[in-house]
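Below is target-v8.pdb, which holds PDB, C-alpha atoms, pLDDT in the B column.
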```pdb
ATOM      1  CA  MET A   1      89.537  44.850 131.457  1.00 48.00           C
ATOM      2  CA  ILE A   2      88.146  43.695 134.780  1.00 49.00           C
ATOM      3  CA  GLN A   3      84.730  42.138 134.424  1.00 56.00           C
ATOM      4  CA  PRO A   4      82.143  43.039 137.098  1.00 54.00           C
ATOM      5  CA  SER A   5      81.728  39.363 137.922  1.00 57.00           C
ATOM      6  CA  SER A   6      85.419  39.166 138.891  1.00 67.00           C
ATOM      7  CA  LEU A   7      84.966  41.714 141.710  1.00 69.00           C
ATOM      8  CA  ARG A   8      84.266  40.448 145.188  1.00 78.00           C
ATOM      9  CA  PRO A   9      80.689  41.218 146.339  1.00 79.00           C
ATOM     10  CA  GLN A  10      81.774  43.720 149.004  1.00 80.00           C
ATOM     11  CA  TRP A  11      83.880  45.617 146.437  1.00 79.00           C
ATOM     12  CA  ARG A  12      80.995  45.613 144.005  1.00 80.00           C
ATOM     13  CA  VAL A  13      78.683  47.123 146.653  1.00 84.00           C
ATOM     14  CA  ALA A  14      81.344  49.701 147.576  1.00 84.00           C
ATOM     15  CA  LEU A  15      81.806  50.620 143.915  1.00 82.00           C
ATOM     16  CA  TRP A  16      78.052  51.063 143.390  1.00 84.00           C
ATOM     17  CA  GLY A  17      77.895  53.137 146.579  1.00 87.00           C
ATOM     18  CA  ALA A  18      80.707  55.383 145.367  1.00 85.00           C
ATOM     19  CA  PHE A  19      79.000  55.720 141.999  1.00 84.00           C
ATOM     20  CA  PHE A  20      75.712  56.697 143.694  1.00 89.00           C
ATOM     21  CA  LEU A  21      77.426  59.241 145.958  1.00 89.00           C
ATOM     22  CA  SER A  22      79.278  60.666 142.965  1.00 87.00           C
ATOM     23  CA  GLY A  23      75.968  61.231 141.157  1.00 86.00           C
ATOM     24  CA  ALA A  24      74.469  62.864 144.245  1.00 90.00           C
ATOM     25  CA  ALA A  25      77.528  65.120 144.540  1.00 89.00           C
ATOM     26  CA  GLY A  26      77.116  66.004 140.862  1.00 86.00           C
ATOM     27  CA  LEU A  27      73.580  67.221 141.538  1.00 88.00           C
ATOM     28  CA  VAL A  28      74.823  69.282 144.470  1.00 90.00           C
ATOM     29  CA  TYR A  29      77.563  70.753 142.243  1.00 87.00           C
ATOM     30  CA  GLU A  30      74.921  71.705 139.672  1.00 88.00           C
ATOM     31  CA  VAL A  31      72.873  73.627 142.230  1.00 90.00           C
ATOM     32  CA  ILE A  32      75.893  75.404 143.722  1.00 88.00           C
ATOM     33  CA  TRP A  33      77.376  76.261 140.327  1.00 85.00           C
ATOM     34  CA  THR A  34      74.007  77.521 139.072  1.00 88.00           C
ATOM     35  CA  ARG A  35      73.873  79.922 142.016  1.00 88.00           C
ATOM     36  CA  MET A  36      77.491  80.998 141.440  1.00 85.00           C
ATOM     37  CA  PHE A  37      76.912  81.621 137.732  1.00 83.00           C
ATOM     38  CA  GLY A  38      73.678  83.442 138.565  1.00 85.00           C
ATOM     39  CA  MET A  39      75.877  85.993 140.329  1.00 80.00           C
ATOM     40  CA  VAL A  40      78.136  86.191 137.272  1.00 77.00           C
ATOM     41  CA  PHE A  41      75.379  86.496 134.654  1.00 76.00           C
ATOM     42  CA  GLY A  42      72.864  88.292 136.833  1.00 76.00           C
ATOM     43  CA  ASN A  43      70.217  85.944 135.521  1.00 74.00           C
ATOM     44  CA  THR A  44      69.318  82.454 136.674  1.00 81.00           C
ATOM     45  CA  ASN A  45      68.156  81.394 133.189  1.00 85.00           C
ATOM     46  CA  PHE A  46      71.599  81.970 131.697  1.00 82.00           C
ATOM     47  CA  ALA A  47      73.221  80.283 134.681  1.00 84.00           C
ATOM     48  CA  VAL A  48      71.050  77.168 134.402  1.00 88.00           C
ATOM     49  CA  ALA A  49      71.606  76.966 130.651  1.00 87.00           C
ATOM     50  CA  THR A  50      75.367  77.331 131.088  1.00 84.00           C
ATOM     51  CA  VAL A  51      75.621  74.713 133.830  1.00 85.00           C
ATOM     52  CA  LEU A  52      73.383  72.192 132.055  1.00 87.00           C
ATOM     53  CA  ALA A  53      75.143  72.614 128.717  1.00 87.00           C
ATOM     54  CA  THR A  54      78.516  72.245 130.408  1.00 84.00           C
ATOM     55  CA  PHE A  55      77.414  69.161 132.340  1.00 84.00           C
ATOM     56  CA  MET A  56      75.889  67.430 129.318  1.00 85.00           C
ATOM     57  CA  GLY A  57      78.750  68.350 127.004  1.00 84.00           C
ATOM     58  CA  GLY A  58      81.313  67.348 129.603  1.00 84.00           C
ATOM     59  CA  MET A  59      79.635  64.012 130.214  1.00 84.00           C
ATOM     60  CA  ALA A  60      79.531  63.256 126.497  1.00 86.00           C
ATOM     61  CA  LEU A  61      83.128  64.318 125.917  1.00 84.00           C
ATOM     62  CA  GLY A  62      84.335  62.477 129.020  1.00 82.00           C
ATOM     63  CA  ALA A  63      82.545  59.278 128.011  1.00 83.00           C
ATOM     64  CA  TRP A  64      84.060  59.496 124.545  1.00 84.00           C
ATOM     65  CA  LEU A  65      87.614  60.273 125.678  1.00 80.00           C
ATOM     66  CA  PHE A  66      87.879  58.212 128.844  1.00 80.00           C
ATOM     67  CA  GLY A  67      85.613  55.379 127.684  1.00 79.00           C
ATOM     68  CA  ARG A  68      88.362  54.184 125.366  1.00 78.00           C
ATOM     69  CA  LEU A  69      90.944  54.522 128.106  1.00 78.00           C
ATOM     70  CA  ALA A  70      88.795  52.592 130.585  1.00 75.00           C
ATOM     71  CA  ASP A  71      88.317  49.749 128.110  1.00 76.00           C
ATOM     72  CA  ARG A  72      92.098  49.300 127.828  1.00 81.00           C
ATOM     73  CA  SER A  73      92.907  49.926 131.487  1.00 79.00           C
ATOM     74  CA  LYS A  74      94.183  47.084 133.622  1.00 83.00           C
ATOM     75  CA  LYS A  75      93.004  48.949 136.750  1.00 81.00           C
ATOM     76  CA  PRO A  76      89.643  50.546 135.875  1.00 78.00           C
ATOM     77  CA  VAL A  77      88.609  50.983 139.518  1.00 80.00           C
ATOM     78  CA  PHE A  78      91.839  52.873 140.223  1.00 85.00           C
ATOM     79  CA  LEU A  79      91.222  55.010 137.113  1.00 83.00           C
ATOM     80  CA  TYR A  80      87.692  55.714 138.371  1.00 82.00           C
ATOM     81  CA  GLY A  81      89.131  56.851 141.703  1.00 85.00           C
ATOM     82  CA  LEU A  82      91.568  59.192 139.961  1.00 88.00           C
ATOM     83  CA  LEU A  83      88.784  60.682 137.871  1.00 86.00           C
ATOM     84  CA  GLU A  84      86.671  61.260 140.984  1.00 87.00           C
ATOM     85  CA  LEU A  85      89.618  62.964 142.681  1.00 90.00           C
ATOM     86  CA  GLY A  86      89.941  65.199 139.602  1.00 88.00           C
ATOM     87  CA  VAL A  87      86.258  66.121 139.805  1.00 87.00           C
ATOM     88  CA  GLY A  88      86.613  66.955 143.491  1.00 87.00           C
ATOM     89  CA  ALA A  89      89.707  69.091 142.891  1.00 90.00           C
ATOM     90  CA  TYR A  90      87.979  71.012 140.109  1.00 87.00           C
ATOM     91  CA  ALA A  91      84.861  71.545 142.227  1.00 86.00           C
ATOM     92  CA  PHE A  92      87.063  72.872 145.009  1.00 88.00           C
ATOM     93  CA  LEU A  93      88.956  75.238 142.669  1.00 89.00           C
ATOM     94  CA  LEU A  94      85.997  76.572 140.660  1.00 85.00           C
ATOM     95  CA  PRO A  95      85.247  79.512 143.003  1.00 85.00           C
ATOM     96  CA  VAL A  96      88.887  80.608 142.689  1.00 88.00           C
ATOM     97  CA  LEU A  97      88.766  80.232 138.896  1.00 86.00           C
ATOM     98  CA  LEU A  98      85.561  82.271 138.652  1.00 81.00           C
ATOM     99  CA  ARG A  99      87.062  85.027 140.759  1.00 83.00           C
ATOM    100  CA  ALA A 100      90.172  85.012 138.553  1.00 84.00           C
ATOM    101  CA  ALA A 101      87.996  85.303 135.424  1.00 81.00           C
ATOM    102  CA  GLU A 102      86.143  88.336 136.759  1.00 79.00           C
ATOM    103  CA  GLY A 103      88.322  90.618 134.644  1.00 81.00           C
ATOM    104  CA  ILE A 104      87.196  88.829 131.486  1.00 80.00           C
ATOM    105  CA  TYR A 105      83.530  89.335 132.403  1.00 74.00           C
ATOM    106  CA  ARG A 106      84.122  93.013 133.131  1.00 77.00           C
ATOM    107  CA  PHE A 107      85.958  93.472 129.829  1.00 81.00           C
ATOM    108  CA  ALA A 108      83.172  91.739 127.888  1.00 72.00           C
ATOM    109  CA  PHE A 109      80.477  93.835 129.535  1.00 71.00           C
ATOM    110  CA  ALA A 110      82.469  97.062 129.119  1.00 76.00           C
ATOM    111  CA  THR A 111      83.091  96.238 125.463  1.00 75.00           C
ATOM    112  CA  TRP A 112      79.684  94.908 124.403  1.00 67.00           C
ATOM    113  CA  GLY A 113      77.350  95.756 127.264  1.00 64.00           C
ATOM    114  CA  TYR A 114      73.944  94.255 126.679  1.00 60.00           C
ATOM    115  CA  ASP A 115      74.476  94.254 122.915  1.00 60.00           C
ATOM    116  CA  PHE A 116      76.178  90.824 122.590  1.00 56.00           C
ATOM    117  CA  THR A 117      77.137  91.530 118.955  1.00 60.00           C
ATOM    118  CA  GLY A 118      80.659  90.297 119.631  1.00 59.00           C
ATOM    119  CA  PHE A 119      79.259  87.120 121.121  1.00 58.00           C
ATOM    120  CA  SER A 120      76.981  86.688 118.100  1.00 64.00           C
ATOM    121  CA  ILE A 121      80.013  86.863 115.830  1.00 64.00           C
ATOM    122  CA  LEU A 122      81.700  84.263 118.002  1.00 57.00           C
ATOM    123  CA  ARG A 123      78.630  82.002 117.780  1.00 59.00           C
ATOM    124  CA  LEU A 124      78.634  82.412 113.999  1.00 63.00           C
ATOM    125  CA  LEU A 125      82.256  81.307 113.812  1.00 62.00           C
ATOM    126  CA  VAL A 126      81.707  78.356 116.138  1.00 57.00           C
ATOM    127  CA  GLY A 127      78.611  77.251 114.229  1.00 58.00           C
ATOM    128  CA  SER A 128      80.346  77.474 110.877  1.00 58.00           C
ATOM    129  CA  SER A 129      83.343  75.531 112.163  1.00 54.00           C
ATOM    130  CA  ASP A 130      81.039  72.614 113.020  1.00 52.00           C
ATOM    131  CA  LYS A 131      79.791  72.455 109.459  1.00 52.00           C
ATOM    132  CA  TYR A 132      83.347  72.790 108.140  1.00 50.00           C
ATOM    133  CA  VAL A 133      84.641  69.896 110.249  1.00 50.00           C
ATOM    134  CA  LEU A 134      81.656  67.722 109.401  1.00 50.00           C
ATOM    135  CA  GLY A 135      82.559  68.146 105.742  1.00 53.00           C
ATOM    136  CA  PHE A 136      85.688  66.082 106.403  1.00 50.00           C
ATOM    137  CA  VAL A 137      83.797  63.196 107.961  1.00 50.00           C
ATOM    138  CA  ASP A 138      83.173  60.352 105.562  1.00 47.00           C
ATOM    139  CA  GLU A 139      79.745  58.760 105.814  1.00 51.00           C
ATOM    140  CA  LYS A 140      81.440  55.347 106.035  1.00 51.00           C
ATOM    141  CA  ASP A 141      83.299  56.295 109.233  1.00 51.00           C
ATOM    142  CA  PRO A 142      81.774  54.888 112.413  1.00 52.00           C
TER     143      PRO A 142
END
```
In structure tokens, what does this structure look like?
Amino acid sequence: MIQPSSLRPQWRVALWGAFFLSGAAGLVYEVIWTRMFGMVFGNTNFAVATVLATFMGGMALGAWLFGRLADRSKKPVFLYGLLELGVGAYAFLLPVLLRAAEGIYRFAFATWGYDFTGFSILRLLVGSSDKYVLGFVDEKDP
């Protein structure tokens, strides 16, 4: 792994600048996606909750998955660049993906309407699966 002290000062400044701009772009993505999901859900509260949960969950999952990869990488700055390109590509494609998923939203609303019973059953299954998986985890595991 490359240590920060081994980077030349100008590369270190450039890397911090890219990291700062990436965070700023993330905030912009949150605002735009909240507005887009507000159109989907018809309610800003649901949109904000969806975007925030997705951001926080994605950051946690990404740190867990790619943190291990970054520790073993011989080119972590290159890996960072690839990940940023992936974020940009996804941000660019999200409007297309939402439009493609419109049929799913229409089906869900036509099937359940405002009665979200089907979604409640789904939440029950997801919640019980967490408890089921946690039963396999040994307390001694890190």
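Shortest atom-to-atom contact with A:Ala63 among A:Gly42, A:Ala18, A:Leu83, A:Val51: A:Leu83, counting all atoms listed in the file.
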Which centre and which edge lengths, in Å to one decimal, describe the axis-aligned box that holds all listed atoms of stretch 24-40 of chain A after 5 Å is added on each side, as JSON?
```
{"center_x": 75.5, "center_y": 74.5, "center_z": 140.9, "size_x": 15.3, "size_y": 33.3, "size_z": 17.3}
```
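Distance check against A:Leu21 using only C-alpha atoms: of A:Ala91, A:Gly38, A:Glu84, A:Leu69, the minimum falls on A:Glu84.
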For atom CA of A:Thr111 and atom CA of A:Leu97, the interatomic separation in Å (one decimal): 21.7 Å
Identify the residues within 12 Å of coordinate (74.7, 74.0, 133.6) (same frame as the file), considering all atoms listed in the file, and give the answer as a PyMOL selection string. chain A and resi 26-38+44-59
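Nearest to A:Met39 of all the residues A:Leu98, A:Gly103, A:Lys75, A:Phe109 is A:Leu98, counting all atoms listed in the file.
Taking atom CA of A:Leu82 and atom CA of A:Phe66 as endpoints, the distance between them is 11.8 Å.
Going from atom CA of A:Arg8 to atom CA of A:Phe78 covers 15.4 Å.
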